[in-house]
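This is final11.csv. It holds CSV, C-alpha atoms and all ligand atoms.
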chain,number,residue,atom,x,y,z
A,1,MET,CA,28.0,24.9,274.3
A,2,ALA,CA,27.0,26.7,277.4
A,3,GLN,CA,28.2,25.8,280.8
A,4,GLY,CA,26.9,22.4,281.9
A,5,ALA,CA,27.9,19.1,283.5
A,6,GLU,CA,28.5,17.1,280.3
A,7,PRO,CA,31.7,17.2,278.3
A,8,TYR,CA,31.6,20.1,275.8
A,9,GLY,CA,29.4,21.9,278.4
A,10,VAL,CA,26.4,20.4,276.7
A,11,ILE,CA,22.9,21.4,277.7
A,12,ARG,CA,20.4,18.8,276.4
A,13,ASP,CA,17.0,20.1,275.6
A,14,GLY,CA,18.3,23.6,276.0
A,15,ALA,CA,17.1,27.0,275.0
A,16,ILE,CA,18.9,30.3,274.1
A,17,ALA,CA,17.3,33.7,274.4
A,18,VAL,CA,18.6,36.4,272.1
A,19,LYS,CA,18.1,40.1,272.6
A,20,GLY,CA,19.4,42.3,269.8
A,21,GLU,CA,22.7,40.8,268.8
A,22,ARG,CA,23.5,39.3,272.2
A,23,ILE,CA,22.7,36.2,274.1
A,24,ALA,CA,20.4,37.2,276.9
A,25,TRP,CA,19.6,33.8,278.6
A,26,VAL,CA,20.7,30.2,278.4
A,27,GLY,CA,19.0,27.3,280.1
A,28,PRO,CA,16.6,24.4,280.0
A,29,ALA,CA,14.0,24.6,277.2
A,30,ALA,CA,11.2,23.9,279.7
A,31,ILE,CA,12.0,27.0,281.6
A,32,GLY,CA,12.8,29.0,278.4
A,33,GLY,CA,9.4,28.1,277.0
A,34,ARG,CA,7.6,29.3,280.0
A,35,LEU,CA,9.5,32.6,280.1
A,36,ALA,CA,8.9,33.1,276.4
A,37,ALA,CA,5.2,32.5,276.8
A,38,ALA,CA,4.9,34.8,279.8
A,39,HIS,CA,6.7,37.7,278.0
A,40,GLY,CA,5.3,37.1,274.5
A,41,ILE,CA,8.7,36.3,273.0
A,42,PRO,CA,8.7,34.5,269.7
A,43,VAL,CA,10.2,31.0,269.8
A,44,ARG,CA,12.0,29.1,267.1
A,45,ASP,CA,12.1,25.4,267.7
A,46,VAL,CA,15.1,23.7,266.0
A,47,GLU,CA,13.8,20.2,266.8
A,48,GLY,CA,16.8,18.0,267.7
A,49,LEU,CA,19.5,20.1,266.0
A,50,TRP,CA,22.7,20.8,267.9
A,51,ILE,CA,23.7,24.4,268.4
A,52,THR,CA,27.3,25.5,268.8
A,53,PRO,CA,28.9,28.9,268.9
A,54,GLY,CA,29.5,30.1,265.3
A,55,LEU,CA,32.9,28.8,264.1
A,56,ILE,CA,35.9,31.1,264.0
A,57,ASP,CA,38.6,30.7,261.5
A,58,CYS,CA,41.5,32.6,263.2
A,59,HIS,CA,44.2,32.3,260.5
A,60,THR,CA,43.6,32.7,256.8
A,61,HIS,CA,45.3,34.4,253.8
A,62,LEU,CA,42.0,34.6,252.0
A,63,VAL,CA,42.8,37.5,249.6
A,64,TYR,CA,45.2,36.6,246.9
A,65,GLY,CA,45.5,36.6,243.1
A,66,GLY,CA,46.1,33.4,241.0
A,67,GLN,CA,46.8,30.0,242.4
A,68,ARG,CA,49.8,27.7,242.8
A,69,VAL,CA,48.8,24.4,241.3
A,70,GLU,CA,52.1,24.2,239.4
A,71,GLU,CA,54.0,24.2,242.7
A,72,PHE,CA,51.7,21.4,244.0
A,73,GLU,CA,52.8,19.4,241.0
A,74,GLN,CA,56.5,20.4,241.4
A,75,ARG,CA,56.5,19.3,245.0
A,76,LEU,CA,55.0,15.9,244.0
A,77,ASN,CA,57.9,15.7,241.5
A,78,GLY,CA,60.4,16.1,244.3
A,79,ALA,CA,60.9,19.9,244.9
A,80,SER,CA,60.5,21.2,248.4
A,81,TYR,CA,58.6,24.3,249.5
A,82,ALA,CA,61.9,25.9,250.5
A,83,ASP,CA,63.5,25.0,247.1
A,84,ILE,CA,60.6,26.6,245.2
A,85,ALA,CA,60.6,29.7,247.5
A,86,GLN,CA,64.4,30.1,246.9
A,87,ALA,CA,63.9,29.9,243.2
A,88,GLY,CA,61.6,32.9,243.2
A,89,GLY,CA,58.3,30.9,243.3
A,90,GLY,CA,56.2,30.4,246.5
A,91,ILE,CA,55.0,33.5,248.2
A,92,GLN,CA,56.8,35.6,245.5
A,93,SER,CA,54.7,34.1,242.7
A,94,THR,CA,51.5,34.9,244.6
A,95,VAL,CA,52.8,38.5,245.2
A,96,ARG,CA,53.2,38.9,241.4
A,97,ALA,CA,49.8,37.5,240.7
A,98,THR,CA,48.2,39.6,243.5
A,99,ARG,CA,49.8,42.9,242.4
A,100,ALA,CA,48.6,42.2,238.8
A,101,ALA,CA,45.0,41.4,239.8
A,102,SER,CA,42.2,44.0,239.8
A,103,PHE,CA,40.5,45.0,243.1
A,104,GLU,CA,37.3,43.5,241.8
A,105,GLY,CA,39.0,40.2,240.8
A,106,LEU,CA,40.6,39.9,244.2
A,107,ALA,CA,37.3,40.7,246.0
A,108,ALA,CA,35.2,38.3,243.9
A,109,ALA,CA,37.7,35.4,244.5
A,110,ALA,CA,38.0,36.1,248.2
A,111,ALA,CA,34.2,36.4,248.6
A,112,ALA,CA,33.8,33.0,247.0
A,113,ARG,CA,36.2,31.5,249.5
A,114,ALA,CA,34.6,33.3,252.4
A,115,ARG,CA,31.2,31.9,251.4
A,116,ARG,CA,32.6,28.3,251.4
A,117,LEU,CA,33.9,28.8,254.9
A,118,MET,CA,30.6,30.5,256.0
A,119,SER,CA,28.6,27.5,254.6
A,120,GLU,CA,30.2,25.5,257.4
A,121,GLY,CA,29.0,27.8,260.2
A,122,VAL,CA,31.9,30.2,260.2
A,123,THR,CA,30.8,33.6,261.6
A,124,THR,CA,34.2,35.2,262.3
A,125,LEU,CA,37.1,35.1,260.0
A,126,GLU,CA,40.7,36.5,260.3
A,127,ILE,CA,42.2,37.6,257.0
A,128,LYS,CA,45.9,38.5,256.6
A,129,SER,CA,47.5,40.6,254.0
A,130,GLY,CA,51.1,39.8,253.0
A,131,TYR,CA,50.8,39.2,249.2
A,132,GLY,CA,51.3,42.9,248.4
A,133,LEU,CA,54.5,43.7,250.2
A,134,GLU,CA,54.4,47.4,249.4
A,135,LEU,CA,52.1,50.0,250.8
A,136,ALA,CA,49.5,50.4,248.1
A,137,ALA,CA,49.2,46.7,247.4
A,138,GLU,CA,48.9,45.8,251.1
A,139,ARG,CA,46.3,48.5,251.5
A,140,ARG,CA,44.3,46.9,248.7
A,141,LEU,CA,44.3,43.5,250.3
A,142,LEU,CA,43.2,44.9,253.7
A,143,GLU,CA,40.5,46.9,251.9
A,144,VAL,CA,39.2,43.8,250.2
A,145,ALA,CA,39.2,42.0,253.5
A,146,ARG,CA,37.2,44.8,255.2
A,147,GLY,CA,34.8,44.8,252.2
A,148,ILE,CA,34.1,41.1,252.8
A,149,GLY,CA,33.1,41.9,256.4
A,150,ARG,CA,30.8,44.7,255.2
A,151,GLU,CA,29.2,42.8,252.3
A,152,LEU,CA,28.8,39.4,253.7
A,153,PRO,CA,27.2,38.3,257.0
A,154,VAL,CA,30.5,37.4,258.6
A,155,SER,CA,32.9,39.3,260.9
A,156,VAL,CA,36.3,40.0,259.5
A,157,ARG,CA,39.4,40.7,261.6
A,158,THR,CA,42.3,42.1,259.5
A,159,THR,CA,45.9,41.4,260.0
A,160,PHE,CA,48.8,43.3,258.3
A,161,LEU,CA,51.3,40.6,257.6
A,162,GLY,CA,54.0,43.0,257.0
A,163,LEU,CA,56.9,40.6,257.1
A,164,HIS,CA,55.8,37.7,254.9
A,165,ALA,CA,58.6,37.5,252.3
A,166,LEU,CA,61.2,39.9,251.0
A,167,PRO,CA,59.9,41.4,247.7
A,168,GLU,CA,62.2,41.3,244.7
A,169,GLU,CA,62.7,45.0,244.6
A,170,PHE,CA,64.2,44.9,248.1
A,171,ARG,CA,66.5,41.9,247.4
A,172,THR,CA,69.6,43.9,248.2
A,173,ALA,CA,67.9,46.2,250.8
A,174,ARG,CA,66.6,43.9,253.5
A,175,GLN,CA,66.9,46.2,256.4
A,176,ALA,CA,65.2,49.0,254.4
A,177,PHE,CA,62.2,46.7,253.8
A,178,VAL,CA,61.9,45.8,257.5
A,179,ASP,CA,62.2,49.5,258.5
A,180,ARG,CA,59.6,50.6,256.0
A,181,ALA,CA,57.1,47.8,256.9
A,182,GLY,CA,57.2,48.7,260.6
A,183,ASN,CA,58.0,52.5,260.5
A,184,GLU,CA,56.0,53.7,257.5
A,185,TRP,CA,53.4,51.2,256.2
A,186,LEU,CA,52.1,49.9,259.5
A,187,PRO,CA,51.5,53.4,261.0
A,188,ALA,CA,49.8,54.5,257.7
A,189,LEU,CA,47.5,51.5,257.4
A,190,ALA,CA,46.7,51.5,261.1
A,191,ALA,CA,45.8,55.2,260.9
A,192,GLU,CA,43.4,54.3,258.1
A,193,GLY,CA,41.6,51.8,260.3
A,194,LEU,CA,42.6,48.8,258.2
A,195,VAL,CA,44.7,46.9,260.8
A,196,ASP,CA,43.3,44.9,263.7
A,197,ALA,CA,46.6,43.0,264.3
A,198,VAL,CA,50.0,42.4,262.7
A,199,ASP,CA,51.8,39.2,261.8
A,200,ALA,CA,55.4,38.2,260.8
A,201,PHE,CA,56.8,35.0,259.3
A,202,CYS,CA,59.7,34.1,261.4
A,203,GLU,CA,61.6,31.4,259.4
A,204,SER,CA,64.9,30.8,257.7
A,205,ILE,CA,63.3,31.4,254.3
A,206,ALA,CA,61.5,34.5,255.6
A,207,PHE,CA,62.6,36.8,258.4
A,208,SER,CA,64.9,36.4,261.4
A,209,PRO,CA,63.8,36.7,265.0
A,210,ALA,CA,65.6,40.1,265.2
A,211,GLU,CA,63.8,41.4,262.1
A,212,CYS,CA,60.4,40.2,263.4
A,213,ARG,CA,61.1,41.6,266.9
A,214,GLN,CA,61.8,45.1,265.4
A,215,PHE,CA,58.5,44.9,263.4
A,216,LEU,CA,56.5,43.7,266.4
A,217,ALA,CA,57.9,46.4,268.5
A,218,SER,CA,56.6,49.0,266.1
A,219,ALA,CA,53.2,47.4,266.4
A,220,ALA,CA,53.4,47.4,270.2
A,221,ARG,CA,54.2,51.1,270.2
A,222,LEU,CA,50.9,51.6,268.3
A,223,GLY,CA,49.0,49.3,270.6
A,224,VAL,CA,48.4,46.8,267.7
A,225,PRO,CA,48.3,43.2,268.9
A,226,ALA,CA,50.4,40.5,267.1
A,227,HIS,CA,50.3,37.0,265.7
A,228,VAL,CA,53.5,35.2,264.6
A,229,HIS,CA,54.1,32.5,262.0
A,230,ALA,CA,56.3,30.5,264.3
A,231,GLY,CA,58.1,27.2,263.9
A,232,GLN,CA,56.6,26.0,260.6
A,233,LEU,CA,59.8,24.6,259.1
A,234,SER,CA,62.4,25.0,261.9
A,235,ASP,CA,62.8,26.2,265.5
A,236,MET,CA,64.3,29.6,265.4
A,237,GLY,CA,63.0,30.6,268.8
A,238,ALA,CA,59.9,32.2,267.3
A,239,ALA,CA,57.6,30.8,270.0
A,240,GLU,CA,59.8,32.6,272.6
A,241,LEU,CA,59.7,35.7,270.5
A,242,ALA,CA,55.9,35.6,270.2
A,243,ALA,CA,55.6,35.1,274.0
A,244,GLY,CA,58.1,37.9,274.7
A,245,CYS,CA,55.9,40.2,272.6
A,246,ARG,CA,52.8,39.0,274.4
A,247,ALA,CA,51.4,38.0,271.0
A,248,LEU,CA,47.8,36.9,270.8
A,249,SER,CA,48.9,33.7,268.9
A,250,ALA,CA,51.9,31.7,267.6
A,251,ASP,CA,50.8,29.8,264.6
A,252,HIS,CA,52.1,26.5,263.1
A,253,LEU,CA,54.5,25.3,265.8
A,254,GLU,CA,55.6,22.1,264.2
A,255,TYR,CA,59.0,23.0,265.6
A,256,VAL,CA,58.9,24.3,269.2
A,257,SER,CA,61.0,23.5,272.2
A,258,ALA,CA,59.8,22.8,275.8
A,259,ASP,CA,61.1,26.3,276.7
A,260,GLY,CA,59.1,27.8,273.9
A,261,ALA,CA,56.0,25.9,275.0
A,262,ARG,CA,56.4,27.1,278.6
A,263,ALA,CA,57.0,30.7,277.4
A,264,LEU,CA,53.7,30.6,275.4
A,265,ALA,CA,51.8,29.2,278.4
A,266,THR,CA,53.2,31.9,280.7
A,267,ALA,CA,52.4,34.7,278.2
A,268,GLY,CA,48.9,33.3,277.5
A,269,THR,CA,49.7,33.1,273.8
A,270,VAL,CA,47.4,30.7,271.9
A,271,ALA,CA,49.0,28.0,269.7
A,272,VAL,CA,47.2,27.9,266.4
A,273,MET,CA,47.4,24.5,264.8
A,274,LEU,CA,47.4,24.6,261.0
A,275,PRO,CA,47.1,21.0,259.8
A,276,GLY,CA,46.1,21.9,256.2
A,277,ALA,CA,49.7,23.3,255.6
A,278,PHE,CA,51.3,20.3,257.3
A,279,TYR,CA,49.3,18.0,255.1
A,280,THR,CA,49.9,19.9,251.9
A,281,LEU,CA,53.6,20.1,252.5
A,282,ARG,CA,53.6,16.4,253.5
A,283,GLN,CA,55.6,17.3,256.6
A,284,GLY,CA,56.8,14.5,258.8
A,285,ASP,CA,56.7,15.7,262.4
A,286,PRO,CA,53.5,17.1,263.7
A,287,PRO,CA,53.5,19.9,266.4
A,288,PRO,CA,54.3,18.5,269.8
A,289,VAL,CA,50.8,18.6,271.0
A,290,ALA,CA,51.4,16.7,274.2
A,291,LEU,CA,54.1,19.1,275.1
A,292,LEU,CA,51.9,22.2,274.4
A,293,ARG,CA,49.0,20.6,276.3
A,294,GLU,CA,51.1,19.7,279.3
A,295,ALA,CA,52.6,23.2,279.4
A,296,GLY,CA,49.0,24.6,279.4
A,297,VAL,CA,49.1,26.4,276.0
A,298,PRO,CA,45.6,26.9,274.6
A,299,LEU,CA,45.2,25.2,271.2
A,300,ALA,CA,43.2,26.7,268.3
A,301,VAL,CA,42.7,25.2,264.9
A,302,ALA,CA,42.4,27.2,261.6
A,303,THR,CA,42.5,26.6,257.9
A,304,ASP,CA,45.5,28.8,256.9
A,305,CYS,CA,43.6,29.1,253.6
A,306,ASN,CA,46.3,30.2,251.1
A,307,PRO,CA,47.3,29.3,247.6
A,308,GLY,CA,50.7,27.8,248.5
A,309,THR,CA,50.5,25.6,251.5
A,310,SER,CA,46.8,25.2,252.3
A,311,PRO,CA,44.3,25.7,249.5
A,312,CYS,CA,41.6,24.8,252.0
A,313,THR,CA,38.3,26.4,252.5
A,314,SER,CA,36.9,23.9,255.0
A,315,LEU,CA,37.3,24.6,258.7
A,316,LEU,CA,35.6,21.3,259.5
A,317,LEU,CA,38.3,19.5,257.4
A,318,ALA,CA,41.0,21.4,259.4
A,319,MET,CA,39.3,20.1,262.6
A,320,ASN,CA,39.4,16.5,261.2
A,321,MET,CA,43.0,16.9,260.3
A,322,ALA,CA,43.9,18.4,263.7
A,323,CYS,CA,42.5,15.2,265.2
A,324,THR,CA,43.8,12.6,262.8
A,325,LEU,CA,47.2,14.2,262.0
A,326,PHE,CA,48.0,16.0,265.2
A,327,GLY,CA,46.1,14.0,267.8
A,328,LEU,CA,43.8,16.7,269.1
A,329,THR,CA,40.6,15.3,270.7
A,330,PRO,CA,37.4,16.2,268.9
A,331,HIS,CA,36.6,18.3,272.0
A,332,GLU,CA,39.9,20.2,271.6
A,333,ALA,CA,39.2,20.7,267.9
A,334,LEU,CA,35.8,22.2,268.6
A,335,ALA,CA,37.1,24.4,271.4
A,336,GLY,CA,39.9,25.4,269.0
A,337,THR,CA,37.5,26.7,266.4
A,338,THR,CA,35.2,28.5,268.9
A,339,ARG,CA,36.3,29.5,272.4
A,340,VAL,CA,40.1,29.4,271.9
A,341,ALA,CA,39.9,30.8,268.3
A,342,ALA,CA,38.1,33.8,269.7
A,343,ARG,CA,40.9,34.2,272.2
A,344,ALA,CA,43.5,34.0,269.5
A,345,LEU,CA,41.8,37.0,267.9
A,346,GLY,CA,41.6,38.9,271.2
A,347,LEU,CA,37.8,38.4,271.1
A,348,GLY,CA,37.5,35.9,274.0
A,349,SER,CA,35.2,38.0,276.1
A,350,ASP,CA,32.9,38.8,273.1
A,351,ARG,CA,32.3,35.5,271.3
A,352,GLY,CA,33.2,31.8,271.0
A,353,THR,CA,31.0,30.4,273.7
A,354,ILE,CA,27.2,30.3,274.3
A,355,GLU,CA,27.1,32.6,277.4
A,356,VAL,CA,25.0,35.5,278.4
A,357,GLY,CA,26.3,38.8,277.1
A,358,LYS,CA,28.3,37.2,274.2
A,359,ARG,CA,27.4,37.8,270.6
A,360,ALA,CA,24.6,35.6,269.3
A,361,ASP,CA,26.7,34.0,266.6
A,362,LEU,CA,25.5,30.4,266.5
A,363,ALA,CA,25.8,27.4,264.1
A,364,LEU,CA,23.0,24.7,263.8
A,365,TRP,CA,24.0,21.2,263.0
A,366,ARG,CA,22.2,18.0,262.1
A,367,ILE,CA,24.5,15.6,264.0
A,368,GLU,CA,24.1,13.1,266.8
A,369,ARG,CA,27.1,14.2,268.9
A,370,PRO,CA,29.6,17.0,268.8
A,371,ALA,CA,32.6,14.7,267.8
A,372,GLU,CA,30.8,14.2,264.5
A,373,LEU,CA,32.0,17.7,263.5
A,374,SER,CA,35.6,16.5,263.5
A,375,TYR,CA,34.8,13.0,262.3
A,376,GLY,CA,33.5,13.7,258.8
A,377,MET,CA,35.7,14.4,255.8
A,378,GLY,CA,34.0,16.5,253.3
A,379,ALA,CA,30.7,16.2,255.2
A,380,ASN,CA,29.0,19.5,256.0
A,381,SER,CA,26.3,19.0,258.6
A,382,CYS,CA,25.6,22.7,259.1
A,383,VAL,CA,22.0,23.4,258.5
A,384,GLY,CA,21.7,27.0,259.7
A,385,VAL,CA,23.5,30.0,261.1
A,386,VAL,CA,22.5,32.8,263.5
A,387,TYR,CA,24.7,35.8,262.9
A,388,ARG,CA,24.5,38.8,265.3
A,389,GLY,CA,21.1,37.5,266.5
A,390,ASN,CA,19.6,37.0,263.1
A,391,SER,CA,19.1,33.9,261.0
A,392,ARG,CA,21.5,33.9,258.1
A,393,THR,CA,20.2,32.5,254.9
B,1,LIG,O1,50.9,30.1,256.6
B,1,LIG,N1,54.1,30.4,256.1
B,1,LIG,C1,53.8,31.5,255.6
B,1,LIG,N2,52.7,31.8,255.1
B,1,LIG,C2,51.7,30.8,254.6
B,1,LIG,C3,52.1,30.3,253.3
B,1,LIG,C4,52.0,31.3,252.3
B,1,LIG,C5,52.3,30.9,250.9
B,1,LIG,O2,53.0,29.9,250.7
B,1,LIG,O3,51.8,31.5,250.0
B,1,LIG,C6,51.5,29.7,255.6
B,1,LIG,O4,51.8,28.5,255.4
B,2,FE,FE,49.7,31.3,257.4
Reformat the file's structure so that it appears as structure tokens.
Amino acid sequence: MAQGAEPYGVIRDGAIAVKGERIAWVGPAAIGGRLAAAHGIPVRDVEGLWITPGLIDCHTHLVYGGQRVEEFEQRLNGASYADIAQAGGGIQSTVRATRAASFEGLAAAAAARARRLMSEGVTTLEIKSGYGLELAAERRLLEVARGIGRELPVSVRTTFLGLHALPEEFRTARQAFVDRAGNEWLPALAAEGLVDAVDAFCESIAFSPAECRQFLASAARLGVPAHVHAGQLSDMGAAELAAGCRALSADHLEYVSADGARALATAGTVAVMLPGAFYTLRQGDPPPVALLREAGVPLAVATDCNPGTSPCTSLLLAMNMACTLFGLTPHEALAGTTRVAARALGLGSDRGTIEVGKRADLALWRIERPAELSYGMGANSCVGVVYRGNSRT
């Protein structure tokens, strides 16, 4: 979607010129054709397909061991997510499976998930750690994530999710864990070039605002940007915390106050909607989208791919759910997986729209109108991808 008069910034019968890995020109095909002929530039005619920016999944926990189907079954037999977490299941059970898995096993399973996302036009993917919860295990997750970006034609942004859950060995030493995550593990992993951002799960079953603030302050001292898991199960003031830390994004936000929404808008923090988790946990109250919209908070949409709350490898399905469950418009859902998702990763000036100078990451669709991307359930109309200026097969 380049700039244009129609909603979505549509240019009909348009053309895009690519030089190297960047977009060099965007405009009407009639002019583009003449320019190409005059300069001997090869032309690829995509004959009636729609072209959007490559999709961006800005919140995933893609690298993990095992799965949690037994918890899916327990929840449908009446247990809650919090009950299961408090009984030592939930994130803890994935931590055990992840620590026990081999590097190769983690990498193969994560690559398979990445490929499914990529088949739907995803060209940039955020991957969080958070299932290791000690230095060597977290390092492995971040290395697997970096490996995906090297081995597959997709860009990976890594996030050190240092405060995800308190591991069993620190059960009686909470403060020591928070200190170690922020003062030792984060600086070490950042120095190894493994960390593009940090994240903390601010929730009654996870970490308090004070604990998250301490961890995020360590990141700020290192110049590492932040995301916050905020307001998923209750409002603990995590949106205000995220805004106060100038976080790139506050994610989930089923529970956020008007003050929290205003604080996010003022800070320019993106609200990342994660309807896959809301759906899987069969939550009752969706995020207050009207409040966020009125406050002027930019809305992104992501899969939250993880074994516990969102075993989802379809960003198109997340867009559908964001519309049907949360009331986003199809236009907001598409902006939320392109332009706004790029901003949620601090990449807004580099990708997420079809504009001159941006990276030539493009998805080609056999659709009749853009809303169709959010309309289908289990429909994949992606028929091609251009990644860094080259066709991806
Ligand atoms: O985004 N909320 C915390 N983290 C994940 C769930 C992780 C898990 O249950 O394994 C989420 O929903
Ligand atoms: Fe998450």
Using only C-alpha atoms and all ligand atoms, find each protein or nucleic acid residue lying at most 6 Å from ligand LIG 1 (chain B); present the set as a PyMOL selection string.
chain A and resi 90-91+201+277+304+306-309
Which neighbours of Trp50 (chain A) fall inside 7 Å, counting all atoms listed in the file, when residues of the same chain fewer than 6 positions from it are skipped, and could you give them as a PyMOL selection string?
chain A and resi 364-367
Distance in Å - CA of Thr158 (chain A) versus CA of Lys128 (chain A):
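Rounded to one decimal, the two atoms are 5.9 Å apart.
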Could you pull the residues within 12 Å of Asp235 (chain A), counting all atoms listed in the file, minus those fewer than 3 positions along the same chain, as a compact mmCIF listing (two decimals) with C-alpha atoms, in the coordinates of the input?
# COMPACT_ATOMS: atom_id res chain seq x y z
CA CYS A 202 59.70 34.10 261.40
CA GLU A 203 61.60 31.40 259.40
CA SER A 204 64.90 30.80 257.70
CA SER A 208 64.90 36.40 261.40
CA PRO A 209 63.80 36.70 265.00
CA HIS A 229 54.10 32.50 262.00
CA ALA A 230 56.30 30.50 264.30
CA GLY A 231 58.10 27.20 263.90
CA GLN A 232 56.60 26.00 260.60
CA ALA A 238 59.90 32.20 267.30
CA ALA A 239 57.60 30.80 270.00
CA GLU A 240 59.80 32.60 272.60
CA LEU A 241 59.70 35.70 270.50
CA HIS A 252 52.10 26.50 263.10
CA LEU A 253 54.50 25.30 265.80
CA GLU A 254 55.60 22.10 264.20
CA TYR A 255 59.00 23.00 265.60
CA VAL A 256 58.90 24.30 269.20
CA SER A 257 61.00 23.50 272.20
CA ALA A 258 59.80 22.80 275.80
CA ASP A 259 61.10 26.30 276.70
CA GLY A 260 59.10 27.80 273.90
CA ALA A 261 56.00 25.90 275.00
CA PRO A 287 53.50 19.90 266.40
Between A:Pro167, A:Gly336, A:Gly276, A:Pro330, which has the minimum distance to ligand FE 2 (chain B) (counting all atoms listed in the file)?
A:Gly276
Rounded to one decimal in Å, what is the spacing between CA of Val63 (chain A) and CA of Leu141 (chain A)?
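Going from CA of Val63 (chain A) over to CA of Leu141 (chain A), I get 6.2 Å.
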Report, in Å to a single decimal, how far apart CA of Arg339 (chain A) and CA of Val26 (chain A) are.
16.7 Å
Pick the closest to ligand FE 2 (chain B) from A:His227, A:Arg157, A:Arg213, A:Arg116: which is it, counting all atoms listed in the file?
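Ranking A:His227, A:Arg157, A:Arg213, A:Arg116 by distance to ligand FE 2 (chain B), first place goes to A:His227.
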Would you list the contacts of Ile205 (chain A) as JSON, numbers by chain, taking every protein, DNA or RNA residue within 10 Å and counting all atoms listed in the file, but skipping same-chain residues closer than 3 positions in sequence?
{"A": [81, 82, 83, 85, 86, 164, 165, 166, 201, 202, 208, 233, 234]}
Taking all atoms listed in the file into account, which of A:Ser119, A:Ala109, A:Glu134, A:Gly244 comes nearest Val95 (chain A)?
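Of the candidates, the smallest distance to Val95 (chain A) is held by A:Glu134.
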All residues 6 Å or closer to Ala247 (chain A), all atoms listed in the file, same chain fewer than 2 positions away omitted, as a PyMOL selection string
chain A and resi 226-227+242-243+245+249+269
Output C-alpha atoms of each residue in that selection to a file, as a short mmCIF file (atom, residue, chain, number, x, y, z; two decimals), in the coordinates of the input.
data_model
loop_
_atom_site.label_atom_id
_atom_site.label_comp_id
_atom_site.auth_asym_id
_atom_site.auth_seq_id
_atom_site.Cartn_x
_atom_site.Cartn_y
_atom_site.Cartn_z
CA ALA A 226 50.40 40.50 267.10
CA HIS A 227 50.30 37.00 265.70
CA ALA A 242 55.90 35.60 270.20
CA ALA A 243 55.60 35.10 274.00
CA CYS A 245 55.90 40.20 272.60
CA SER A 249 48.90 33.70 268.90
CA THR A 269 49.70 33.10 273.80
#
Pick from A:Ala38, A:Leu216, A:Leu76, A:Ala137, whichever lies nearest to Tyr64 (chain A) using all atoms listed in the file:
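For Tyr64 (chain A), the nearest of the given residues is A:Ala137.
Among the candidate residues A:Phe177, A:Leu152, A:Leu317, A:Arg22, the one lying nearest to Met118 (chain A) is A:Leu152, with distances computed using only C-alpha atoms.
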Could you give me, as a list in words, the residues within 9 Å of Val297 (chain A), counting all atoms listed in the file and dropping anything in the same chain fewer than 6 positions from it?
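Selected residues are Ala261, Arg262, Leu264, Ala265, Thr266, Gly268, Thr269, Val270, Ala271 and Leu291 of chain A.
Proximity ranking of A:Arg246, A:Arg293, A:Arg369, A:Arg115 relative to Glu151 (chain A) places A:Arg115 first, based on all atoms listed in the file.
With all atoms listed in the file taken into account, every residue lying no more than 6 Å from the file point (43.5, 27.6, 266.0) is included here: A:Val272, A:Met273, A:Leu299, A:Ala300, A:Val301, A:Ala302, A:Gly336, A:Ala341.
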